[in-house]
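Q: Enclosed is the structure file my_file-v2.cif (mmCIF, C-alpha atoms).
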```
data_model
#
loop_
_atom_site.label_atom_id
_atom_site.label_comp_id
_atom_site.auth_asym_id
_atom_site.auth_seq_id
_atom_site.Cartn_x
_atom_site.Cartn_y
_atom_site.Cartn_z
CA MET N 1 106.62 75.89 80.25
CA ASN N 2 110.26 74.70 80.11
CA GLN N 3 110.26 75.05 76.32
CA HIS N 4 109.18 78.67 76.66
CA GLN N 5 112.01 79.30 79.14
CA GLU N 6 114.53 78.56 76.40
CA GLU N 7 113.35 81.75 74.69
CA THR N 8 114.55 85.23 75.60
CA ILE N 9 111.71 87.62 76.42
CA VAL N 10 111.54 91.41 76.33
CA ALA N 11 109.12 94.00 77.68
CA LEU N 12 108.90 97.56 78.90
CA ALA N 13 109.15 97.45 82.72
CA THR N 14 108.06 101.06 83.31
CA PRO N 15 104.55 102.42 82.58
CA ASN N 16 103.58 103.32 79.03
CA GLY N 17 103.62 107.00 78.14
CA ILE N 18 106.18 109.77 77.84
CA GLY N 19 108.53 110.12 80.82
CA ALA N 20 112.09 111.03 81.69
CA ILE N 21 113.28 107.44 81.33
CA GLY N 22 111.98 104.06 80.27
CA VAL N 23 113.35 100.71 81.46
CA ILE N 24 113.31 97.77 79.04
CA ARG N 25 113.87 94.32 80.50
CA LEU N 26 115.27 91.21 78.80
CA SER N 27 115.40 87.74 80.38
CA GLY N 28 116.61 84.45 78.98
CA PRO N 29 119.70 82.59 77.81
CA ASP N 30 120.47 85.07 75.00
CA ALA N 31 119.65 88.30 76.87
CA ILE N 32 123.25 89.54 77.07
CA LYS N 33 124.08 88.35 73.55
CA ILE N 34 121.07 90.20 72.09
CA ILE N 35 121.84 93.54 73.78
CA ASN N 36 125.51 93.18 72.92
CA SER N 37 124.67 92.91 69.22
CA VAL N 38 123.22 96.46 69.16
CA PHE N 39 125.24 98.09 71.97
CA LYS N 40 128.23 100.33 71.33
CA GLY N 41 130.48 100.44 74.37
CA LYS N 42 132.11 97.68 76.42
CA ASP N 43 131.75 94.04 75.39
CA LEU N 44 128.88 93.16 77.70
CA GLU N 45 129.51 89.41 77.41
CA LYS N 46 132.81 89.92 79.24
CA GLN N 47 131.44 92.01 82.12
CA ASP N 48 130.58 90.94 85.66
CA SER N 49 127.10 90.54 87.09
CA HIS N 50 125.49 93.48 88.87
CA THR N 51 127.39 96.10 86.87
CA ILE N 52 126.09 99.10 84.92
CA HIS N 53 127.53 100.26 81.61
CA PHE N 54 127.09 103.43 79.56
CA GLY N 55 126.91 103.33 75.79
CA THR N 56 124.65 103.73 72.78
CA ILE N 57 122.04 101.53 71.14
CA ARG N 58 122.52 101.47 67.38
CA ASN N 59 120.42 100.36 64.46
CA GLY N 60 123.19 99.69 62.00
CA GLU N 61 125.18 102.92 62.00
CA THR N 62 122.29 105.01 63.31
CA VAL N 63 122.39 105.93 67.00
CA VAL N 64 118.97 105.33 68.58
CA ASP N 65 119.77 106.53 72.11
CA GLU N 66 122.36 106.82 74.85
CA VAL N 67 121.58 104.25 77.54
CA LEU N 68 122.65 102.63 80.79
CA VAL N 69 122.72 98.83 80.72
CA SER N 70 122.42 96.84 83.98
CA LEU N 71 123.62 93.23 83.91
CA PHE N 72 122.33 90.43 86.15
CA ILE N 73 123.98 87.13 85.25
CA ALA N 74 122.24 83.85 86.09
CA PRO N 75 121.48 82.71 88.69
CA LYS N 76 121.93 86.06 90.46
CA SER N 77 118.81 87.71 89.04
CA TYR N 78 115.10 88.05 89.69
CA THR N 79 114.22 85.30 87.18
CA LYS N 80 117.37 83.22 87.92
CA GLU N 81 118.19 83.67 84.21
CA ASN N 82 120.42 86.20 82.46
CA VAL N 83 118.61 89.53 82.87
CA VAL N 84 119.44 92.85 81.25
CA GLU N 85 117.72 96.15 82.04
CA ILE N 86 118.20 99.07 79.65
CA SER N 87 117.51 102.57 80.94
CA CYS N 88 116.79 104.80 77.96
CA HIS N 89 115.02 108.11 77.42
CA GLY N 90 111.24 107.82 77.86
CA SER N 91 110.24 108.61 74.28
CA LYS N 92 107.70 106.15 72.91
CA TYR N 93 109.55 106.18 69.59
CA ILE N 94 112.88 105.32 71.26
CA ILE N 95 111.36 102.55 73.39
CA ASP N 96 109.48 100.98 70.47
CA THR N 97 112.58 101.15 68.24
CA ILE N 98 114.79 99.45 70.83
CA ILE N 99 112.24 96.69 71.54
CA ARG N 100 111.86 96.06 67.78
CA LEU N 101 115.66 95.78 67.50
CA PHE N 102 115.72 93.16 70.26
CA ILE N 103 112.92 91.19 68.61
CA LYS N 104 114.83 91.32 65.32
CA GLN N 105 117.83 89.85 67.16
CA GLY N 106 115.81 86.88 68.45
CA ALA N 107 113.81 88.00 71.50
CA ARG N 108 110.01 87.82 71.75
CA LEU N 109 107.52 90.01 73.60
CA ALA N 110 106.85 88.85 77.14
CA LYS N 111 103.37 87.86 78.28
CA PRO N 112 101.77 89.39 81.38
CA GLY N 113 103.63 88.24 84.50
CA GLU N 114 106.10 86.13 82.54
CA PHE N 115 109.19 87.46 84.34
CA THR N 116 107.70 86.54 87.72
CA LEU N 117 106.47 83.21 86.30
CA ARG N 118 110.05 82.39 85.38
CA ALA N 119 111.21 83.40 88.85
CA PHE N 120 108.69 80.88 90.24
CA LEU N 121 109.55 78.10 87.78
CA ASN N 122 113.27 78.58 88.45
CA GLY N 123 112.85 78.44 92.24
CA GLY N 124 113.38 82.12 93.01
CA LEU N 125 109.90 82.50 94.55
CA ASP N 126 107.18 80.15 95.69
CA LEU N 127 103.70 80.71 94.28
CA SER N 128 102.34 82.68 97.24
CA GLN N 129 105.38 84.99 97.08
CA ALA N 130 104.87 85.46 93.34
CA GLU N 131 101.24 86.47 93.92
CA ALA N 132 102.40 88.91 96.59
CA VAL N 133 104.52 90.67 93.95
CA ALA N 134 101.32 91.61 92.10
CA ASP N 135 99.73 92.72 95.39
CA LEU N 136 102.78 94.86 96.17
CA ILE N 137 102.54 96.62 92.80
CA ALA N 138 98.81 97.21 93.36
CA SER N 139 99.14 98.33 97.00
CA ASN N 140 97.63 101.77 97.57
CA SER N 141 98.03 102.19 101.33
CA LYS N 142 100.65 101.64 104.01
CA ALA N 143 98.76 98.64 105.39
CA SER N 144 98.29 96.89 102.02
CA HIS N 145 101.95 97.57 101.20
CA GLN N 146 103.07 96.12 104.54
CA LEU N 147 100.88 93.04 104.06
CA ALA N 148 102.12 92.35 100.51
CA LEU N 149 105.75 92.88 101.53
CA GLN N 150 105.37 90.45 104.43
CA GLN N 151 103.96 87.78 102.13
CA MET N 152 106.56 88.39 99.41
CA ARG N 153 109.30 87.80 101.97
CA GLY N 154 107.88 84.42 102.89
CA GLY N 155 104.89 85.23 105.07
CA TYR N 156 103.30 81.99 106.13
CA SER N 157 104.62 79.96 103.17
CA ASN N 158 107.88 79.03 104.94
CA GLU N 159 105.96 77.69 107.94
CA LEU N 160 103.55 75.78 105.71
CA LYS N 161 106.47 74.21 103.84
CA ALA N 162 108.05 72.99 107.08
CA LEU N 163 104.76 71.55 108.35
CA ARG N 164 104.10 69.97 104.98
CA GLU N 165 107.50 68.21 105.08
CA ARG N 166 106.67 66.71 108.49
CA LEU N 167 103.30 65.58 107.17
CA ILE N 168 104.98 64.00 104.14
CA HIS N 169 107.13 61.95 106.53
CA PHE N 170 104.03 60.49 108.21
CA ALA N 171 102.38 59.90 104.84
CA SER N 172 105.41 57.88 103.71
CA MET N 173 105.34 55.82 106.94
CA ILE N 174 101.67 55.01 106.41
CA GLU N 175 102.36 54.10 102.77
CA LEU N 176 105.04 51.73 104.09
CA GLU N 177 102.44 50.13 106.37
CA LEU N 178 100.37 49.36 103.29
CA ASP N 179 103.30 47.38 101.86
CA PHE N 180 103.31 45.23 105.01
CA SER N 181 99.52 45.10 105.49
CA GLU N 182 99.50 41.30 105.91
CA GLU N 183 101.95 41.54 108.83
CA ASP N 184 99.81 44.09 110.78
CA VAL N 185 102.72 46.47 111.57
CA GLU N 186 102.50 50.18 112.43
CA PHE N 187 105.33 52.47 111.34
CA ALA N 188 103.54 55.78 111.91
CA ASN N 189 102.97 56.54 115.59
CA ARG N 190 99.31 57.57 115.77
CA GLU N 191 99.75 59.76 118.87
CA GLU N 192 102.59 61.74 117.26
CA LEU N 193 100.57 62.04 114.06
CA LYS N 194 97.58 63.34 116.02
CA LYS N 195 99.74 66.00 117.75
CA LEU N 196 101.08 67.15 114.37
CA ILE N 197 97.61 67.26 112.79
CA LEU N 198 96.24 69.27 115.74
CA HIS N 199 99.18 71.68 115.47
CA ILE N 200 98.67 72.16 111.71
CA HIS N 201 94.92 72.48 112.24
CA GLN N 202 95.43 75.33 114.74
CA ILE N 203 97.71 77.20 112.33
CA VAL N 204 95.38 76.68 109.36
CA PHE N 205 92.33 77.75 111.39
CA LYS N 206 94.12 80.93 112.52
CA LEU N 207 95.06 81.73 108.91
CA ILE N 208 91.45 81.22 107.79
CA GLN N 209 90.23 83.55 110.55
CA SER N 210 92.71 86.23 109.47
CA PHE N 211 91.22 86.54 105.98
CA ASP N 212 88.51 89.02 106.98
CA LEU N 213 91.19 91.48 108.09
CA GLY N 214 93.48 90.70 105.15
CA ASN N 215 90.71 91.22 102.63
CA VAL N 216 89.71 94.65 103.91
CA ILE N 217 93.35 95.76 104.14
CA LYS N 218 93.95 94.68 100.55
CA ASN N 219 90.73 96.05 99.06
CA GLY N 220 89.84 98.84 101.49
CA VAL N 221 87.33 98.77 104.35
CA PRO N 222 83.75 99.27 103.09
CA VAL N 223 81.93 101.65 105.47
CA VAL N 224 78.23 102.34 104.93
CA ILE N 225 76.88 105.65 106.24
CA ALA N 226 73.22 104.88 106.97
CA GLY N 227 70.39 106.75 108.65
CA LYS N 228 67.06 108.49 108.10
CA PRO N 229 66.81 111.32 105.53
CA ASN N 230 68.30 114.68 106.49
CA VAL N 231 70.39 113.50 109.45
CA GLY N 232 73.60 114.71 107.76
CA LYS N 233 74.97 111.62 106.01
CA SER N 234 76.18 113.53 102.95
CA THR N 235 77.54 116.32 105.14
CA LEU N 236 79.50 113.72 107.11
CA LEU N 237 80.88 112.16 103.92
CA ASN N 238 82.04 115.59 102.72
CA ALA N 239 83.54 116.36 106.15
CA LEU N 240 85.50 113.09 106.25
CA LEU N 241 86.79 113.52 102.69
CA ASN N 242 87.35 117.24 103.19
CA GLU N 243 85.66 118.01 99.87
CA GLU N 244 82.17 118.57 98.45
CA ARG N 245 81.72 115.02 97.19
CA ALA N 246 77.97 114.65 97.86
CA ILE N 247 75.13 117.12 97.28
CA VAL N 248 73.84 118.57 100.54
CA SER N 249 70.27 119.88 100.70
CA GLU N 250 67.59 120.54 103.29
CA ILE N 251 65.19 118.62 101.06
CA ALA N 252 64.72 115.10 102.42
CA GLY N 253 65.70 112.30 100.05
CA THR N 254 68.35 114.24 98.09
CA THR N 255 70.64 111.18 97.96
CA ARG N 256 68.83 108.59 95.86
CA ASP N 257 71.76 106.34 94.99
CA THR N 258 74.95 105.32 96.73
CA ILE N 259 77.95 107.64 96.50
CA GLU N 260 81.40 106.13 97.17
CA ASP N 261 84.84 107.57 97.80
CA GLU N 262 88.03 106.55 99.62
CA MET N 263 89.95 108.03 102.51
CA ASN N 264 93.22 106.89 104.08
CA ILE N 265 93.30 106.91 107.88
CA LYS N 266 96.69 106.07 109.40
CA GLY N 267 97.67 103.76 106.54
CA ILE N 268 94.28 102.03 106.10
CA ASN N 269 92.02 102.74 103.12
CA PHE N 270 88.34 103.17 104.00
CA ARG N 271 85.68 103.15 101.27
CA PHE N 272 82.88 105.37 102.53
CA ILE N 273 79.46 104.74 101.00
CA ASP N 274 76.85 107.47 101.41
CA THR N 275 73.42 105.91 101.05
CA ALA N 276 69.82 106.97 100.53
CA GLY N 277 67.94 107.84 103.71
CA ILE N 278 66.05 104.92 105.24
CA ARG N 279 62.33 105.67 105.21
CA GLU N 280 59.10 104.54 103.58
CA THR N 281 58.50 106.42 100.32
CA GLN N 282 56.16 106.37 97.34
CA ASP N 283 58.89 107.75 95.06
CA ILE N 284 60.02 104.83 92.87
CA VAL N 285 63.56 106.18 92.39
CA GLU N 286 64.04 106.95 96.08
CA ALA N 287 62.62 103.53 97.01
CA LYS N 288 65.22 101.91 94.77
CA GLY N 289 67.90 103.92 96.60
CA VAL N 290 66.63 102.67 99.98
CA GLU N 291 66.75 99.11 98.65
CA ARG N 292 70.38 99.62 97.62
CA THR N 293 71.13 101.00 101.09
CA PHE N 294 70.17 97.68 102.66
CA GLU N 295 72.18 95.78 100.03
CA LYS N 296 75.26 97.84 100.92
CA ILE N 297 74.69 97.33 104.65
CA LYS N 298 74.74 93.55 104.15
CA SER N 299 78.07 93.66 102.27
CA SER N 300 79.91 96.23 104.42
CA ALA N 301 82.60 95.70 107.06
CA VAL N 302 81.39 98.69 109.10
CA VAL N 303 77.91 100.20 109.34
CA MET N 304 77.92 103.78 110.61
CA TYR N 305 74.36 104.61 111.71
CA LEU N 306 73.85 108.38 111.91
CA PHE N 307 70.93 109.94 113.75
CA ASP N 308 69.67 113.35 114.84
CA PRO N 309 68.96 113.22 118.61
CA ALA N 310 66.30 115.94 118.31
CA GLU N 311 64.33 113.97 115.72
CA THR N 312 64.81 110.45 117.04
CA PRO N 313 62.87 109.25 120.10
CA ALA N 314 64.79 106.84 122.32
CA SER N 315 62.33 103.99 121.67
CA GLU N 316 62.62 104.40 117.88
CA LEU N 317 66.42 104.52 118.06
CA GLN N 318 66.48 101.37 120.18
CA GLN N 319 64.34 99.48 117.67
CA ILE N 320 66.46 100.58 114.70
CA LEU N 321 69.69 99.60 116.49
CA THR N 322 68.24 96.21 117.46
CA ASP N 323 67.47 95.51 113.80
CA LEU N 324 70.90 96.73 112.61
CA LYS N 325 72.73 94.72 115.29
CA ALA N 326 71.02 91.59 114.02
CA VAL N 327 72.14 92.31 110.44
CA THR N 328 75.73 93.21 111.39
CA ALA N 329 76.04 90.16 113.66
CA GLN N 330 74.89 87.94 110.81
CA ASN N 331 77.44 89.50 108.44
CA ASN N 332 80.22 89.69 111.05
CA SER N 333 80.47 93.46 110.58
CA THR N 334 80.81 96.31 113.07
CA LEU N 335 78.06 98.78 114.00
CA LEU N 336 79.04 102.34 114.98
CA VAL N 337 76.25 104.52 116.36
CA VAL N 338 76.84 108.22 115.68
CA SER N 339 74.81 111.14 117.02
CA ASN N 340 75.10 114.13 114.66
CA LYS N 341 74.42 117.87 115.05
CA SER N 342 76.07 118.15 118.47
CA ASP N 343 76.55 121.87 117.69
CA ILE N 344 72.79 122.42 118.03
CA HIS N 345 71.50 119.22 119.68
CA PRO N 346 74.13 117.88 122.10
CA LEU N 347 73.42 114.56 123.78
CA ALA N 348 72.17 114.87 127.35
CA THR N 349 74.67 112.22 128.45
CA GLN N 350 77.77 110.92 126.66
CA THR N 351 78.00 107.12 126.40
CA ASP N 352 80.65 104.71 125.15
CA GLN N 353 78.10 103.18 122.76
CA ILE N 354 77.32 106.45 120.95
CA ILE N 355 79.83 108.80 119.29
CA SER N 356 78.61 112.42 119.36
CA ILE N 357 79.84 114.61 116.49
CA SER N 358 78.97 117.61 114.37
CA ALA N 359 79.49 116.90 110.69
CA LYS N 360 78.76 120.56 109.92
CA ASP N 361 81.59 122.05 112.01
CA LYS N 362 83.69 118.82 111.95
CA SER N 363 83.90 118.50 115.72
CA ASN N 364 84.87 115.12 117.23
CA LEU N 365 85.58 113.55 113.83
CA HIS N 366 88.83 112.25 115.34
CA LEU N 367 86.73 110.10 117.70
CA LEU N 368 84.94 108.63 114.70
CA GLU N 369 88.25 107.92 112.95
CA ASP N 370 89.61 106.20 116.07
CA ALA N 371 86.47 104.04 116.26
CA LEU N 372 86.92 103.04 112.60
CA LEU N 373 90.53 102.00 113.22
CA ASP N 374 89.47 100.00 116.28
CA ALA N 375 86.86 98.21 114.16
CA VAL N 376 89.59 97.05 111.76
CA ASN N 377 91.64 95.57 114.64
CA LEU N 378 95.08 96.84 113.70
CA ASN N 379 96.72 94.92 116.55
CA SER N 380 97.19 91.89 114.29
CA LEU N 381 98.85 93.98 111.60
CA ASN N 382 101.13 95.86 113.98
CA SER N 383 102.25 92.67 115.75
CA ASP N 384 103.60 91.11 112.52
CA GLU N 385 100.99 88.38 112.81
CA VAL N 386 100.59 86.48 109.54
CA ILE N 387 97.47 87.54 107.63
CA VAL N 388 95.86 85.89 104.59
CA SER N 389 94.53 88.24 101.91
CA ASN N 390 94.33 85.98 98.84
CA ILE N 391 90.99 84.27 98.10
CA ARG N 392 92.77 81.36 96.38
CA HIS N 393 94.78 80.71 99.53
CA LEU N 394 91.63 80.92 101.66
CA GLU N 395 89.84 78.26 99.58
CA ALA N 396 92.89 75.96 99.69
CA LEU N 397 93.19 76.42 103.47
CA LYS N 398 89.51 75.56 103.98
CA LYS N 399 89.84 72.37 101.92
CA ALA N 400 93.06 71.45 103.75
CA ASP N 401 91.27 72.00 107.06
CA GLU N 402 88.46 69.64 106.00
CA SER N 403 91.04 66.97 105.13
CA LEU N 404 92.85 67.45 108.44
CA ASN N 405 89.56 67.00 110.31
CA ARG N 406 89.02 63.71 108.47
CA VAL N 407 92.51 62.57 109.48
CA LEU N 408 91.73 63.34 113.14
CA ALA N 409 88.45 61.47 112.88
CA GLY N 410 90.29 58.53 111.32
CA ILE N 411 92.76 58.43 114.21
CA ASP N 412 90.10 58.71 116.93
CA ASN N 413 87.83 56.17 115.25
CA PRO N 414 90.48 53.90 113.73
CA VAL N 415 90.24 53.41 109.98
CA THR N 416 92.52 51.40 107.77
CA SER N 417 95.86 52.89 106.74
CA ASP N 418 94.79 53.35 103.12
CA PHE N 419 91.92 55.72 104.09
CA LEU N 420 94.20 57.61 106.48
CA ALA N 421 96.84 57.95 103.77
CA LEU N 422 94.24 59.28 101.32
CA ASP N 423 93.11 62.06 103.68
CA ILE N 424 96.72 63.05 104.48
CA LYS N 425 97.50 63.21 100.75
CA GLN N 426 94.52 65.51 100.20
CA ALA N 427 95.68 67.83 102.98
CA LEU N 428 99.17 67.84 101.47
CA HIS N 429 97.69 68.61 98.06
CA TYR N 430 95.78 71.69 99.24
CA LEU N 431 98.67 73.02 101.35
CA GLY N 432 100.94 72.45 98.36
CA GLU N 433 98.61 74.47 96.11
CA ILE N 434 99.27 77.57 98.21
CA VAL N 435 103.05 77.54 97.87
CA GLY N 436 103.13 76.02 94.37
CA ALA N 437 104.31 72.51 95.24
CA VAL N 438 101.18 71.37 93.36
CA THR N 439 100.32 73.32 90.20
CA THR N 440 98.69 73.00 86.81
CA ASP N 441 99.25 75.06 83.68
CA ASP N 442 95.68 76.38 83.95
CA LEU N 443 96.31 77.57 87.52
CA LEU N 444 99.55 79.32 86.57
CA ASP N 445 97.97 80.92 83.49
CA ASN N 446 95.11 82.21 85.62
CA ILE N 447 97.43 83.71 88.26
CA PHE N 448 100.07 85.30 86.04
CA SER N 449 97.70 86.59 83.35
CA LYS N 450 96.55 89.17 85.93
CA PHE N 451 100.05 90.66 86.22
CA CYS N 452 101.19 93.68 84.26
CA ILE N 453 103.45 93.10 81.26
CA GLY N 454 107.10 93.63 82.22
CA LYS N 455 106.71 92.03 85.66
#
```
With the file now loaded, output its structure as structure tokens.

A:
Amino acid sequence: MNQHQEETIVALATPNGIGAIGVIRLSGPDAIKIINSVFKGKDLEKQDSHTIHFGTIRNGETVVDEVLVSLFIAPKSYTKENVVEISCHGSKYIIDTIIRLFIKQGARLAKPGEFTLRAFLNGGLDLSQAEAVADLIASNSKASHQLALQQMRGGYSNELKALRERLIHFASMIELELDFSEEDVEFANREELKKLILHIHQIVFKLIQSFDLGNVIKNGVPVVIAGKPNVGKSTLLNALLNEERAIVSEIAGTTRDTIEDEMNIKGINFRFIDTAGIRETQDIVEAKGVERTFEKIKSSAVVMYLFDPAETPASELQQILTDLKAVTAQNNSTLLVVSNKSDIHPLATQTDQIISISAKDKSNLHLLEDALLDAVNLNSLNSDEVIVSNIRHLEALKKADESLNRVLAGIDNPVTSDFLALDIKQALHYLGEIVGAVTTDDLLDNIFSKFCIGK
């Protein structure tokens, strides 16, 4: 890794394709020297950091383009190295010509995520912050943007670092006990250690619990629209999306496969899944659609069960809801019960458990949207509570929690210092994996290979 950092890298930082401008980024010890060798204007090697300079890029005596060059001199840059950003016209020919010139002068093409990798290796970001950069680029809603920004600015990594340092202190005291094992001395106060472990355990447990919310914010909330044939599921999907996304027909069983589309409600992305009507059928294709409906129900965050009050006896509805409540409870998902066709079959009595709407004339859809937002529990997001959205972090937190539980067990049922030290080291290892205090080349390659080139 360090050997690669001695090289100067180059990549296009803006998307490929024709645009008004393109931004080419260089990072490395020779970044300013390389641009200076093809730049006609001020001597860039004599300019201050965080300055912008106008001039031309030349291939010999041939002018390639008029550009603006931004200088960021180490360590005051994103990568903590010398960084140069060239704003040129967005012609593919111009961009390719300039990048080839830089390569000819000694730069090499950057790999995916290599700029952010260097920022991590040079101490500009910890690993969880670096991963949040990719999440920020990929964010497609207000909530996912807010979550990624929170984590990029430190999120829970700063707190984990502080707790990890305190745990390291106790680990070192226990290691010292091992050096004096024959004298039966105790340098690490077991009561203080237990208080610290319980405190870390509470924080880790809370972070683990937050993942369900973080995951749906990051990837969108999967909402299954389920119900018997011809209750208006496709009509509801079209009404929510405000477009004719699904085919609507009076013929029962029109929807034979799942239809998915997204909608943003107050900053949260919801992935609505219109499913085949639930009923017994001899039609092989329709039966396959019903099977997929139940598969989607099991993997959804919200199940929206739609029924027609005129066609659904109370006893039948009760049995269906009992079955669905069992499934949603098992999958920790939310069940919303929705009575459709209120324009022609209004409910005799309104209840808090049933939302009455008309998908056809779009009445009371705002009540449905409010119920969906309540199901997501936005209070945690709006209160700046730390939320985990990365599956790698979740797995590390779970393993750290297991190690912490073993430490507690070792304190309550006294074990020798060497076993206690081993469990503390394992907890430190897994907490360190999150922030990058413990890394391997394979781990870093796996994380940064998913970034776009130029970031």

Q: Taking the file as shown, what set of residues would the PyMOL selection byres ((chain N and resi 340) around 12) give back, as a PyMOL selection string?

A: chain N and resi 227-228+230-236+304-312+337-339+341-347+354-365+368

Q: When you count only C-alpha atoms, which of these residues is closest to Leu394 in chain N: N:Gln209, N:Thr275, N:Ser37, N:Gln202?

A: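 Checking each of N:Gln209, N:Thr275, N:Ser37, N:Gln202 against Leu394 in chain N, counting only C-alpha atoms, the winner is N:Gln209.
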
Q: Determine the nearest neighbour of Asn140 in chain N from the options N:Val327, N:Leu68, N:Ile217, N:Leu431, counting all atoms listed in the file.

A: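 Answer, going by the shortest atom-to-atom distance: N:Ile217.
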
Q: Ranking N:Ile411, N:Leu127, N:Ala11, N:Ile424 by minimum distance to Lys195 in chain N and counting only C-alpha atoms, which one comes first?

A: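 The shortest atom-to-atom distance to Lys195 in chain N comes from N:Ile411.
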
Q: To verify the selection step, state as an NGL selection string which residues the PyMOL selection byres ((chain N and resi 78-81) around 10) yields on this input.

A: :N and (5 or 8 or 26-31 or 72-77 or 82-84 or 114-125)

Q: Could you rebuild range 57-73 of chain N with N, CA and C atoms and give it back as a PDB file, keeping the file's coordinate frame?

A:
```
ATOM      1  N   ILE N  57     122.735 102.569  71.896  1.00  0.00           N
ATOM      2  CA  ILE N  57     122.040 101.530  71.140  1.00  0.00           C
ATOM      3  C   ILE N  57     122.017 101.990  69.689  1.00  0.00           C
ATOM      4  N   ARG N  58     122.426 101.094  68.787  1.00  0.00           N
ATOM      5  CA  ARG N  58     122.520 101.470  67.380  1.00  0.00           C
ATOM      6  C   ARG N  58     121.734 100.526  66.496  1.00  0.00           C
ATOM      7  N   ASN N  59     121.075 101.109  65.515  1.00  0.00           N
ATOM      8  CA  ASN N  59     120.420 100.360  64.460  1.00  0.00           C
ATOM      9  C   ASN N  59     121.272 100.498  63.228  1.00  0.00           C
ATOM     10  N   GLY N  60     122.164  99.535  63.033  1.00  0.00           N
ATOM     11  CA  GLY N  60     123.190  99.690  62.000  1.00  0.00           C
ATOM     12  C   GLY N  60     124.171 100.762  62.440  1.00  0.00           C
ATOM     13  N   GLU N  61     124.291 101.807  61.644  1.00  0.00           N
ATOM     14  CA  GLU N  61     125.180 102.920  62.000  1.00  0.00           C
ATOM     15  C   GLU N  61     124.424 104.072  62.655  1.00  0.00           C
ATOM     16  N   THR N  62     123.115 103.933  62.756  1.00  0.00           N
ATOM     17  CA  THR N  62     122.290 105.010  63.310  1.00  0.00           C
ATOM     18  C   THR N  62     122.175 104.875  64.822  1.00  0.00           C
ATOM     19  N   VAL N  63     122.521 105.939  65.539  1.00  0.00           N
ATOM     20  CA  VAL N  63     122.390 105.930  67.000  1.00  0.00           C
ATOM     21  C   VAL N  63     120.917 106.147  67.357  1.00  0.00           C
ATOM     22  N   VAL N  64     120.365 105.218  68.130  1.00  0.00           N
ATOM     23  CA  VAL N  64     118.970 105.330  68.580  1.00  0.00           C
ATOM     24  C   VAL N  64     118.897 106.123  69.879  1.00  0.00           C
ATOM     25  N   ASP N  65     119.807 105.832  70.821  1.00  0.00           N
ATOM     26  CA  ASP N  65     119.770 106.530  72.110  1.00  0.00           C
ATOM     27  C   ASP N  65     121.026 106.207  72.920  1.00  0.00           C
ATOM     28  N   GLU N  66     121.357 107.103  73.833  1.00  0.00           N
ATOM     29  CA  GLU N  66     122.360 106.820  74.850  1.00  0.00           C
ATOM     30  C   GLU N  66     121.677 106.149  76.023  1.00  0.00           C
ATOM     31  N   VAL N  67     122.267 105.060  76.528  1.00  0.00           N
ATOM     32  CA  VAL N  67     121.580 104.250  77.540  1.00  0.00           C
ATOM     33  C   VAL N  67     122.533 103.815  78.646  1.00  0.00           C
ATOM     34  N   LEU N  68     121.932 103.345  79.738  1.00  0.00           N
ATOM     35  CA  LEU N  68     122.650 102.630  80.790  1.00  0.00           C
ATOM     36  C   LEU N  68     122.148 101.194  80.788  1.00  0.00           C
ATOM     37  N   VAL N  69     123.083 100.240  80.758  1.00  0.00           N
ATOM     38  CA  VAL N  69     122.720  98.830  80.720  1.00  0.00           C
ATOM     39  C   VAL N  69     123.138  98.170  82.029  1.00  0.00           C
ATOM     40  N   SER N  70     122.165  97.557  82.722  1.00  0.00           N
ATOM     41  CA  SER N  70     122.420  96.840  83.980  1.00  0.00           C
ATOM     42  C   SER N  70     122.426  95.345  83.695  1.00  0.00           C
ATOM     43  N   LEU N  71     123.468  94.661  84.155  1.00  0.00           N
ATOM     44  CA  LEU N  71     123.620  93.230  83.910  1.00  0.00           C
ATOM     45  C   LEU N  71     123.359  92.430  85.182  1.00  0.00           C
ATOM     46  N   PHE N  72     122.570  91.364  85.050  1.00  0.00           N
ATOM     47  CA  PHE N  72     122.330  90.430  86.150  1.00  0.00           C
ATOM     48  C   PHE N  72     122.506  89.028  85.568  1.00  0.00           C
ATOM     49  N   ILE N  73     123.642  88.412  85.862  1.00  0.00           N
ATOM     50  CA  ILE N  73     123.980  87.130  85.250  1.00  0.00           C
ATOM     51  C   ILE N  73     123.434  85.981  86.085  1.00  0.00           C
TER      52      ILE N  73
END
```
